[in-house]
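So this one's final-v1.txt, compact mmCIF, C-alpha atoms:
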# COMPACT_ATOMS: atom_id res chain seq x y z
CA MET C 21 -52.90 -8.23 154.93
CA VAL C 22 -55.42 -9.53 152.47
CA THR C 23 -55.00 -8.51 148.86
CA ARG C 24 -58.28 -7.52 147.28
CA GLY C 25 -59.54 -9.01 144.03
CA GLY C 26 -57.65 -10.92 141.31
CA ALA C 27 -55.93 -14.26 141.76
CA GLY C 28 -54.87 -13.34 145.29
CA SER C 29 -58.42 -13.59 146.62
CA ARG C 30 -58.50 -17.37 146.30
CA ASP C 31 -55.26 -17.66 148.24
CA ALA C 32 -56.69 -15.33 150.84
CA LEU C 33 -59.76 -17.54 151.17
CA HIS C 34 -57.53 -20.60 151.68
CA GLN C 35 -55.60 -18.77 154.37
CA LEU C 36 -58.85 -17.95 156.17
CA ILE C 37 -60.06 -21.52 156.00
CA ALA C 38 -56.70 -22.79 157.20
CA ALA C 39 -56.99 -20.47 160.19
CA LEU C 40 -60.47 -21.83 160.94
CA ASP C 41 -59.17 -25.39 160.71
CA GLU C 42 -56.54 -24.56 163.32
CA GLY C 43 -59.36 -23.59 165.66
CA ASP C 44 -58.97 -19.82 165.38
CA SER C 45 -61.84 -17.38 165.18
CA LEU C 46 -62.03 -14.87 162.35
CA ILE C 47 -63.32 -11.33 162.31
CA ILE C 48 -64.63 -10.56 158.84
CA PHE C 49 -65.88 -7.26 157.51
CA PRO C 50 -68.17 -8.69 154.85
CA GLU C 51 -68.88 -5.35 153.17
CA GLY C 52 -65.22 -5.46 152.14
CA THR C 53 -64.69 -1.78 152.89
CA ARG C 54 -66.13 1.05 154.95
CA GLY C 55 -69.30 2.48 153.47
CA ASP C 56 -70.48 6.07 153.41
CA GLY C 57 -72.45 5.49 156.60
CA GLY C 58 -75.78 5.53 154.80
CA GLY C 59 -76.56 1.93 155.70
CA VAL C 60 -75.32 -1.63 155.40
CA GLY C 61 -73.74 -2.17 151.99
CA GLU C 62 -73.97 -5.30 149.84
CA LEU C 63 -72.00 -8.19 151.33
CA ARG C 64 -69.05 -9.56 149.35
CA PRO C 65 -69.20 -13.24 148.29
CA GLY C 66 -66.21 -14.25 150.46
CA LEU C 67 -68.55 -14.85 153.39
CA TYR C 68 -70.56 -17.30 151.33
CA HIS C 69 -67.45 -19.19 150.21
CA ILE C 70 -66.29 -19.60 153.79
CA ALA C 71 -69.75 -20.78 154.87
CA ARG C 72 -69.83 -23.28 151.99
CA GLU C 73 -66.33 -24.65 152.65
CA ARG C 74 -66.86 -24.94 156.41
CA PRO C 75 -70.63 -25.31 157.02
CA ALA C 76 -70.16 -26.23 160.70
CA VAL C 77 -68.67 -22.84 161.56
CA GLU C 78 -70.98 -20.44 163.39
CA LEU C 79 -71.24 -17.02 161.74
CA VAL C 80 -72.09 -14.39 164.35
CA PRO C 81 -73.42 -11.13 162.89
CA VAL C 82 -72.01 -8.03 164.62
CA PHE C 83 -73.43 -4.56 164.01
CA LEU C 84 -71.07 -1.63 164.57
CA ASP C 85 -73.09 1.50 165.21
CA ASN C 86 -71.89 5.10 164.86
CA LEU C 87 -68.39 4.20 163.59
CA ASN C 88 -69.08 6.11 160.39
CA ARG C 89 -69.72 9.22 162.48
CA ILE C 90 -66.65 8.71 164.65
CA LEU C 91 -64.33 8.47 161.67
CA PRO C 92 -65.99 8.78 158.26
CA LYS C 93 -64.24 7.43 155.22
CA GLY C 94 -61.72 9.97 153.99
CA GLU C 95 -61.31 11.79 157.33
CA TYR C 96 -58.20 11.48 159.45
CA LEU C 97 -59.34 13.07 162.74
CA PRO C 98 -61.80 11.06 164.85
CA VAL C 99 -64.63 12.63 166.83
CA PRO C 100 -65.19 11.01 170.26
CA LEU C 101 -68.79 9.85 169.90
CA ILE C 102 -70.07 6.72 171.61
CA GLY C 103 -69.92 3.65 169.38
CA ARG C 104 -71.97 0.56 170.00
CA VAL C 105 -71.43 -3.10 169.16
CA THR C 106 -74.48 -5.38 168.90
CA PHE C 107 -74.06 -9.16 168.60
CA GLY C 108 -76.74 -11.31 167.01
CA GLY C 109 -77.47 -15.03 167.09
CA PRO C 110 -75.23 -17.22 164.89
CA ILE C 111 -76.30 -18.14 161.36
CA ARG C 112 -75.17 -20.98 159.08
CA LEU C 113 -75.46 -21.80 155.42
CA GLU C 114 -78.64 -23.82 154.98
CA ALA C 115 -78.90 -26.88 152.74
CA GLY C 116 -79.57 -25.88 149.14
CA GLU C 117 -79.23 -22.16 149.86
CA ASP C 118 -77.59 -20.32 146.99
CA ARG C 119 -75.08 -17.50 147.23
CA HIS C 120 -77.51 -14.67 146.67
CA ALA C 121 -80.10 -15.94 149.17
CA PHE C 122 -77.44 -16.57 151.82
CA LEU C 123 -75.80 -13.17 151.49
CA GLN C 124 -79.23 -11.55 151.57
CA ARG C 125 -80.12 -13.41 154.76
CA ALA C 126 -76.79 -12.48 156.36
CA ARG C 127 -77.33 -8.85 155.44
CA ASP C 128 -80.86 -8.92 156.86
CA ALA C 129 -79.46 -10.31 160.12
CA LEU C 130 -77.18 -7.25 160.31
CA LEU C 131 -80.01 -4.85 159.46
CA ASN C 132 -82.17 -6.35 162.22
CA LEU C 133 -79.40 -5.70 164.74
CA GLY C 134 -79.12 -2.11 163.56
CA ASP C 135 -82.83 -1.52 164.04
CA ARG C 136 -82.72 -2.56 167.69
CA ARG C 137 -82.48 0.57 169.77
CA MET X 21 -56.74 29.75 192.34
CA THR X 22 -55.59 28.66 195.74
CA LEU X 23 -58.26 27.35 197.99
CA ILE X 24 -58.46 27.36 201.74
CA TRP X 25 -59.59 24.25 203.59
CA ASP X 26 -61.27 25.50 206.71
CA ARG X 27 -63.61 24.10 209.34
CA ASP X 28 -66.68 25.00 207.26
CA ILE X 29 -65.62 22.80 204.35
CA LEU X 30 -64.83 19.88 206.62
CA MET X 31 -68.26 20.23 208.28
CA LEU X 32 -69.97 20.30 204.87
CA LEU X 33 -68.12 17.19 203.76
CA GLY X 34 -68.86 15.51 207.08
CA GLY X 35 -72.55 16.20 206.48
CA VAL X 36 -72.37 14.72 202.97
CA VAL X 37 -70.67 11.56 204.24
CA ALA X 38 -73.28 11.26 207.02
CA LEU X 39 -76.04 11.49 204.38
CA LEU X 40 -74.34 8.82 202.27
CA ILE X 41 -74.12 6.49 205.28
CA LEU X 42 -77.81 7.17 205.97
CA GLY X 43 -78.62 6.41 202.31
CA SER X 44 -76.65 3.17 202.38
CA LEU X 45 -78.35 2.07 205.61
CA ALA X 46 -81.81 2.95 204.27
CA GLY X 47 -81.00 1.00 201.10
CA ARG X 48 -79.93 -2.04 203.11
CA ILE X 49 -83.08 -1.97 205.25
CA LEU X 50 -85.33 -1.60 202.17
CA ASP X 51 -83.42 -4.44 200.53
CA ARG X 52 -84.49 -6.75 203.40
CA ARG X 53 -88.06 -5.48 203.72
CA VAL X 54 -89.25 -5.07 200.12
CA THR X 55 -90.05 -8.40 198.48
CA GLU X 56 -92.73 -7.75 195.84
CA GLU X 57 -91.68 -7.70 192.20
CA SER X 58 -92.33 -4.03 191.34
CA GLY X 59 -90.69 -2.72 194.50
CA ARG X 60 -87.54 -4.80 193.99
CA ALA X 61 -86.58 -2.94 190.82
CA VAL X 62 -86.85 0.41 192.62
CA VAL X 63 -84.78 -0.82 195.57
CA ILE X 64 -82.08 -2.29 193.33
CA ASN X 65 -81.93 0.98 191.38
CA LEU X 66 -81.85 2.96 194.64
CA ASN X 67 -78.89 0.96 195.95
CA ALA X 68 -77.07 1.36 192.64
CA ARG X 69 -77.64 5.11 192.86
CA VAL X 70 -76.30 5.30 196.42
CA ARG X 71 -73.21 3.30 195.45
CA ALA X 72 -72.63 5.64 192.49
CA TRP X 73 -73.06 8.64 194.83
CA TRP X 74 -70.18 7.40 197.01
CA VAL X 75 -67.95 7.29 193.93
CA MET X 76 -69.12 10.69 192.65
CA VAL X 77 -68.57 12.34 196.04
CA ALA X 78 -65.10 10.79 196.32
CA VAL X 79 -64.12 12.04 192.85
CA PHE X 80 -65.52 15.50 193.52
CA VAL X 81 -63.75 15.85 196.88
CA LEU X 82 -60.49 14.64 195.35
CA ALA X 83 -60.84 17.27 192.62
CA LEU X 84 -61.55 20.00 195.17
CA ALA X 85 -58.61 18.89 197.28
CA THR X 86 -56.17 19.63 194.47
CA GLY X 87 -57.33 23.25 194.44
CA GLY X 88 -58.62 25.09 191.42
CA ILE X 89 -56.97 22.97 188.74
CA GLY X 90 -58.63 19.75 189.90
CA SER X 91 -62.11 21.28 189.81
CA VAL X 92 -61.52 22.82 186.39
CA VAL X 93 -60.26 19.52 184.98
CA LEU X 94 -63.12 17.53 186.55
CA PHE X 95 -65.83 19.80 185.16
CA GLY X 96 -64.02 19.99 181.82
CA LEU X 97 -64.15 16.20 181.61
CA LEU X 98 -67.82 16.19 182.64
CA SER X 99 -68.55 18.69 179.86
CA PHE X 100 -66.63 16.58 177.36
CA VAL X 101 -68.51 13.40 178.27
CA ALA X 102 -71.90 15.17 178.42
CA LEU X 103 -71.30 16.73 175.00
CA ARG X 104 -70.33 13.29 173.72
CA GLU X 105 -73.58 11.81 175.02
CA LEU X 106 -75.67 14.61 173.52
CA ILE X 107 -74.03 14.58 170.08
CA THR X 108 -74.08 10.77 169.92
CA LEU X 109 -77.87 10.84 170.26
CA THR X 110 -78.58 13.82 167.98
CA PRO X 111 -78.31 13.05 164.30
CA THR X 112 -75.62 15.09 162.57
CA ARG X 113 -74.35 14.57 159.06
CA ARG X 114 -71.04 13.80 157.46
CA ALA X 115 -70.52 17.50 156.69
CA ASP X 116 -70.53 18.26 160.44
CA HIS X 117 -67.53 16.07 161.15
CA ARG X 118 -64.92 18.84 161.21
CA THR X 119 -67.29 21.15 163.11
CA LEU X 120 -67.66 18.48 165.79
CA PHE X 121 -63.91 18.06 165.97
CA TRP X 122 -63.64 21.78 166.78
CA ALA X 123 -66.38 21.50 169.38
CA PHE X 124 -64.74 18.64 171.27
CA PHE X 125 -61.08 19.45 170.95
CA VAL X 126 -60.97 23.24 170.71
CA PHE X 127 -64.06 24.79 172.31
CA VAL X 128 -64.18 22.56 175.41
CA PRO X 129 -60.48 22.99 176.36
CA VAL X 130 -60.48 26.72 175.53
CA GLN X 131 -63.59 27.38 177.64
CA TYR X 132 -62.05 25.63 180.66
CA GLY X 133 -58.70 27.28 180.00
CA LEU X 134 -60.52 30.60 180.28
CA VAL X 135 -62.03 29.47 183.59
CA TYR X 136 -58.62 28.50 184.92
CA SER X 137 -56.94 31.70 183.74
CA GLU X 138 -59.84 33.66 185.30
CA TRP X 139 -60.39 35.65 182.09
CA TYR X 140 -64.01 36.51 182.81
CA GLY X 141 -64.57 38.81 179.80
CA LEU X 142 -63.83 36.13 177.23
CA PHE X 143 -65.20 33.25 179.33
CA ALA X 144 -68.64 34.90 179.32
CA ILE X 145 -68.87 35.29 175.52
CA PHE X 146 -66.56 32.68 174.03
CA ILE X 147 -69.24 30.06 173.34
CA PRO X 148 -72.33 32.33 172.95
CA VAL X 149 -70.51 34.55 170.44
CA TYR X 150 -67.43 32.93 168.91
CA ALA X 151 -68.40 29.25 168.93
CA PHE X 152 -72.00 30.13 168.09
CA LEU X 153 -70.91 31.92 164.92
CA PHE X 154 -68.13 29.53 164.02
CA VAL X 155 -70.29 26.39 164.00
CA PRO X 156 -72.58 27.33 161.08
CA VAL X 157 -69.66 28.76 159.08
CA ARG X 158 -67.64 25.56 159.36
CA SER X 159 -70.64 23.39 158.45
CA ALA X 160 -71.59 25.66 155.54
CA LEU X 161 -68.05 25.45 154.16
CA ALA X 162 -68.48 21.66 154.09
CA GLY X 163 -71.18 22.27 151.48
CA ASP X 164 -74.19 20.29 152.71
CA THR X 165 -77.43 22.24 153.14
CA GLN X 166 -79.75 19.40 154.14
CA ASP X 167 -81.22 20.05 157.64
CA PHE X 168 -78.65 22.82 157.95
CA LEU X 169 -80.47 24.88 160.57
CA ALA X 170 -81.38 21.82 162.66
CA ARG X 171 -77.85 20.41 162.48
CA THR X 172 -76.10 23.60 163.51
CA ALA X 173 -78.69 24.29 166.23
CA LYS X 174 -78.07 20.85 167.73
CA ILE X 175 -74.33 21.44 167.94
CA GLN X 176 -74.86 24.92 169.37
CA TRP X 177 -77.29 23.56 171.96
CA GLY X 178 -74.80 20.87 172.91
CA LEU X 179 -72.05 23.43 173.41
CA MET X 180 -74.26 25.81 175.38
CA LEU X 181 -75.74 23.16 177.69
CA ALA X 182 -72.91 20.74 178.22
CA VAL X 183 -69.99 23.16 178.06
CA TYR X 184 -70.97 26.80 178.61
CA CYS X 185 -73.56 26.24 181.33
CA VAL X 186 -71.58 23.57 183.17
CA SER X 187 -68.38 25.66 183.11
CA HIS X 188 -70.08 28.22 185.37
CA ALA X 189 -69.76 25.78 188.29
CA PRO X 190 -65.93 25.82 188.49
CA ALA X 191 -66.00 29.48 187.41
CA LEU X 192 -67.31 30.22 190.91
CA LEU X 193 -63.68 29.81 192.02
CA MET X 194 -62.68 32.91 190.01
CA LEU X 195 -65.08 35.27 191.81
CA GLN X 196 -63.38 37.88 193.97
CA ILE X 197 -65.81 38.33 196.87
CA PRO X 198 -64.72 40.87 199.52
CA GLY X 199 -63.99 39.11 202.81
CA TYR X 200 -64.35 35.69 201.15
CA ALA X 201 -60.99 35.44 199.33
CA GLY X 202 -59.89 31.89 198.56
CA GLU X 203 -63.15 30.44 199.84
CA GLY X 204 -64.73 29.87 196.42
CA ALA X 205 -64.58 26.10 196.88
CA LYS X 206 -67.32 26.44 199.47
CA LEU X 207 -69.57 28.21 196.96
CA LEU X 208 -68.99 25.41 194.43
CA LEU X 209 -69.68 22.82 197.11
CA TYR X 210 -72.80 24.72 198.21
CA LEU X 211 -74.17 24.85 194.66
CA VAL X 212 -73.54 21.18 193.98
CA ILE X 213 -74.84 20.00 197.36
CA VAL X 214 -78.06 22.05 197.26
CA VAL X 215 -78.91 21.26 193.62
CA GLN X 216 -78.10 17.55 193.86
CA LEU X 217 -79.96 17.25 197.18
CA SER X 218 -82.93 18.87 195.49
CA ASP X 219 -82.78 16.15 192.83
CA VAL X 220 -82.49 13.41 195.45
CA LEU X 221 -85.28 14.85 197.59
CA GLN X 222 -87.57 15.30 194.57
CA TYR X 223 -86.91 11.63 193.79
CA VAL X 224 -87.61 10.58 197.41
CA PHE X 225 -90.79 12.68 197.77
CA GLY X 226 -91.92 11.65 194.29
CA LYS X 227 -91.43 7.92 194.97
CA THR X 228 -93.13 8.05 198.36
CA LEU X 229 -95.92 10.63 197.97
CA GLY X 230 -96.05 11.34 194.21
CA ARG X 231 -99.60 11.28 192.78
CA HIS X 232 -100.19 14.23 190.48
CA ARG X 233 -97.92 14.47 187.48
CA ILE X 234 -96.84 17.93 186.37
CA VAL X 235 -96.23 17.32 182.66
CA PRO X 236 -96.89 13.62 182.02
CA GLN X 237 -96.08 14.00 178.31
CA VAL X 238 -92.52 15.03 179.22
CA SER X 239 -91.71 13.08 182.36
CA PRO X 240 -93.92 10.56 184.18
CA ASN X 241 -91.63 10.79 187.23
CA LYS X 242 -92.04 14.50 187.94
CA THR X 243 -94.96 15.02 190.30
CA TRP X 244 -96.26 18.04 192.21
CA GLU X 245 -95.61 16.23 195.48
CA GLY X 246 -92.00 15.49 194.48
CA PHE X 247 -91.48 19.03 193.20
CA LEU X 248 -92.91 20.85 196.23
CA GLY X 249 -91.38 18.48 198.78
CA GLY X 250 -87.98 18.28 197.09
CA VAL X 251 -87.57 21.93 196.20
CA GLY X 252 -89.01 23.02 199.57
CA ALA X 253 -86.77 20.75 201.63
CA ALA X 254 -83.66 21.52 199.56
CA THR X 255 -84.37 25.26 199.91
CA LEU X 256 -84.58 24.90 203.67
CA ILE X 257 -81.27 23.00 203.65
CA GLY X 258 -79.75 25.66 201.39
CA ALA X 259 -80.93 28.34 203.81
CA GLY X 260 -79.57 26.37 206.78
CA LEU X 261 -76.16 26.29 205.12
CA TRP X 262 -75.95 30.11 204.84
CA TRP X 263 -72.90 30.12 207.14
CA VAL X 264 -70.63 28.61 204.46
CA THR X 265 -71.58 31.34 201.97
CA PRO X 266 -71.25 35.12 201.84
CA PHE X 267 -75.09 35.29 201.93
CA SER X 268 -77.30 36.41 204.80
CA PRO X 269 -79.80 33.73 205.96
CA TRP X 270 -82.69 35.36 204.07
CA ALA X 271 -80.63 35.85 200.92
CA ALA X 272 -79.69 32.17 201.18
CA VAL X 273 -83.40 31.26 201.13
CA GLY X 274 -83.91 33.23 197.92
CA ILE X 275 -80.76 31.95 196.22
CA ALA X 276 -81.37 28.32 197.21
CA LEU X 277 -84.95 28.59 195.91
CA LEU X 278 -83.68 30.10 192.65
CA ILE X 279 -81.14 27.35 191.98
CA ASN X 280 -83.60 24.62 192.96
CA LEU X 281 -86.23 25.99 190.57
CA ALA X 282 -83.57 26.28 187.86
CA GLY X 283 -82.48 22.72 188.59
CA PHE X 284 -86.05 21.49 188.23
CA ALA X 285 -86.32 23.37 184.92
CA GLY X 286 -83.08 21.76 183.75
CA GLY X 287 -84.35 18.27 184.55
CA LEU X 288 -87.62 19.01 182.79
CA CYS X 289 -86.02 20.38 179.60
CA LEU X 290 -83.49 17.58 179.38
CA SER X 291 -86.35 15.09 179.84
CA ALA X 292 -88.11 16.75 176.93
CA ILE X 293 -84.95 16.35 174.83
CA LYS X 294 -84.74 12.68 175.78
CA ARG X 295 -88.39 12.16 174.84
CA ASP X 296 -87.75 13.90 171.53
CA LEU X 297 -84.76 11.66 170.81
CA GLY X 298 -86.63 8.55 171.92
CA VAL X 299 -84.26 7.49 174.70
CA LYS X 300 -84.67 6.92 178.43
CA ASP X 301 -81.15 7.92 179.48
CA PHE X 302 -78.33 9.86 177.87
CA GLY X 303 -75.80 7.13 178.56
CA THR X 304 -74.74 4.29 180.84
CA LEU X 305 -71.63 5.67 182.51
CA ILE X 306 -73.04 6.11 186.03
CA GLU X 307 -74.63 3.01 187.55
CA GLY X 308 -78.30 3.56 188.40
CA HIS X 309 -78.32 7.14 187.14
CA GLY X 310 -77.75 6.77 183.40
CA GLY X 311 -75.28 9.06 181.69
CA VAL X 312 -73.36 12.08 182.95
CA MET X 313 -75.93 14.35 181.30
CA ASP X 314 -78.69 12.66 183.32
CA ARG X 315 -76.87 13.52 186.52
CA ILE X 316 -75.91 17.12 185.70
CA ASP X 317 -79.10 18.18 183.90
CA SER X 318 -80.21 20.32 186.85
CA LEU X 319 -76.70 21.73 187.33
CA CYS X 320 -76.72 22.90 183.69
CA PHE X 321 -79.52 25.33 184.44
CA ALA X 322 -78.62 26.18 188.04
CA ALA X 323 -74.88 26.90 187.65
CA PRO X 324 -75.04 29.92 185.31
CA LEU X 325 -77.87 31.55 187.28
CA PHE X 326 -76.07 31.00 190.58
CA PHE X 327 -72.84 32.37 189.12
CA HIS X 328 -74.44 35.54 187.83
CA VAL X 329 -76.51 36.25 190.93
CA VAL X 330 -73.44 35.84 193.14
CA ARG X 331 -71.29 37.89 190.79
CA TYR X 332 -73.87 40.69 190.54
CA PHE X 333 -74.72 41.03 194.22
CA TYR X 334 -71.52 39.98 195.99
CA THR X 335 -68.50 41.12 193.97
As structure tokens, the full file:
Amino acid sequence: MVTRGGAGSRDALHQLIAALDEGDSLIIFPEGTRGDGGGVGELRPGLYHIARERPAVELVPVFLDNLNRILPKGEYLPVPLIGRVTFGGPIRLEAGEDRHAFLQRARDALLNLGDRR
Amino acid sequence: MTLIWDRDILMLLGGVVALLILGSLAGRILDRRVTEESGRAVVINLNARVRAWWVMVAVFVLALATGGIGSVVLFGLLSFVALRELITLTPTRRADHRTLFWAFFVFVPVQYGLVYSEWYGLFAIFIPVYAFLFVPVRSALAGDTQDFLARTAKIQWGLMLAVYCVSHAPALLMLQIPGYAGEGAKLLLYLVIVVQLSDVLQYVFGKTLGRHRIVPQVSPNKTWEGFLGGVGAATLIGAGLWWVTPFSPWAAVGIALLINLAGFAGGLCLSAIKRDLGVKDFGTLIEGHGGVMDRIDSLCFAAPLFFHVVRYFYT
């Protein structure tokens, strides 16, 4: 389990990078939490830190469609709708790209996947 | 609900298997002959459809073989999946979540439980009265008025089409027809064979002779040639199968025509819904066909009419 916020977040980041260094793949939910289903939320900076520490790692955007309808935040009974997973092309941190620009670009990559019907 | 397996049923199933073999052979020959780009796609889709038909027939026969319970469970699952496909594509809101839970996990099982327990009185009104009224109440209690009428109507439509209408197919097994006791499986088989053959024949006539589109805004694939050829041929087949039913040959002509017209109407209306939602198919579950709803669209309209005509005139 990853502890959110505070001094623990730096440790958590190190754990993630250590896992990458061992050759493992990571699944990251960059919004940090489930949204209200209204759209893609702002991405948390953790994604940027990982991309900066390990620039060679491919970041593959994955759009999860309909999950907010299957089990909205705050509900405990799921409804059996059809979910859909869309994978996009990998992105990397570009030279000189700052945190805000990178997170914006990553978020746009997700939004593009969501638009594809 | 005990069912009798007699010579009639075995002959019907033999005919279906013969048709499937014919379809597979035709597909193989076309696969060798057709080489141009546009034709290839049709042939590949045709072969996928025939393969899927083998699986669907096997599942259906297996369900029938277990007697009433198998058919009820099979159609219950079809309703569940069809409702899932419909609701997935129609936008509902957060406030509908609990309503949808009721639809999937209470209304579907209860409706099929009523079919199995042969409680006709409640079966006939459970969804049109109780579920119909419950849906808006539950959504209103969730306190969101945006698109309220559209949201509740979509859920009600889903329940009526995918659950209520479809449940009339296995409900044929509950009919007490004098001199036809325990032979309800043949009626179910008759309905499914005639309606699905009508679909297949409309497809075949449409692909080979189709020129004049009926409603191009709704479906580019529905042509007058396909409609007349498919419905006409399937009606003749339905009439020729009068011996498995309690109908006289002439009554079989009328009833087969009725369910084929209803089936066409079902395909047309569901096509209009797909156009409205901006999708080509309801799902991807059945190779070559699309979703379950794409395959049972004609049955949705034909089953309740068939059920009521048979119940009114023969019980």
- Would you mind telling me which residue in C:Ile102, C:Ala71, C:Ala38, C:Leu84 lies nearest to chain X when using only C-alpha atoms?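 The answer is C:Ile102, which sits nearest to chain X.
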- Return the neighbours of chain C among the residues of chain X, cut-off 8 Å, counting all atoms listed in the file, as a list of chain:residue names.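 Close to chain C, chain X has X:Arg104, X:Glu105, X:Ile107, X:Thr108, X:Arg113, X:Arg114, X:His117, X:Leu120, X:Phe121, X:Phe124.
Going from CA of Phe321 in chain X over to CA of Leu195 in chain X, you cover 19.0 Å.
Near Leu46 in chain C, within 9 Å and counting only C-alpha atoms, sit C:Leu36, C:Ala39, C:Leu40, not including residues fewer than 5 positions from it in the same chain.
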Preceding selection exported with C-alpha atoms as a compact mmCIF listing (two decimals), in the coordinates of the input:
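This is the output file out.txt:
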# COMPACT_ATOMS: atom_id res chain seq x y z
CA LEU C 36 -58.85 -17.95 156.17
CA ALA C 39 -56.99 -20.47 160.19
CA LEU C 40 -60.47 -21.83 160.94
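CA of Leu130 in chain C to CA of Ala115 in chain C spans 21.1 Å [interatomic distance, one decimal].
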- Interatomic distance, CA of Thr172 in chain X to CA of Asp135 in chain C (Å, one decimal): 26.0 Å
- Contacts of Val80 in chain C at 10 Å or less, counting all atoms listed in the file, minus same-chain residues fewer than 6 places along, as a ChimeraX atom specification? /C:47,107-112,126,129-130
- Go through X:Gly274, X:Gly204, X:Gly311, X:Gly283 one by one, measure the shortest atom-to-atom distance of each to Gly87 in chain X using all atoms listed in the file, and give the residue with the smallest value.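 Result for the nearest residue to Gly87 in chain X: X:Gly204.
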- Message: Excluding Gly66 in chain C and its own-chain neighbours fewer than 6 positions away, which residues fall within 12 Å of it when counting only C-alpha atoms? Please give them as a list in words.
- Response: Val22, Arg24, Gly25, Ser29, Arg30, Asp31, Ala32, Leu33, His34, Leu36, Ile37, Ile48, Phe49, Pro50, Glu51, Gly52, Arg72, Glu73, Arg119, His120, Phe122 and Leu123 of chain C
- Message: Taking 3 positions as the minimum chain separation for residues in the same chain, which residues sit within 12 Å of Gly202 in chain X when counting only C-alpha atoms? Answer as a list in words.
- Response: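 In the requested format, the answer is Met21, Thr22, Leu23, Ile24, Trp25, Asp26, Gly87, Gly88, Leu192, Leu193, Met194, Leu195, Gln196, Ile197, Pro198, Gly199, Ala205, Lys206, Leu207 and Leu208 of chain X.
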- Message: Which residues are near Val93 in chain X? Cut-off 12 Å, only C-alpha atoms, ignore same chain within fewer than 3 positions. Put them as a PyMOL selection string.
- Response: chain X and resi 79-80+82-84+86-90+96-100+128-133+135-136+187+189-191
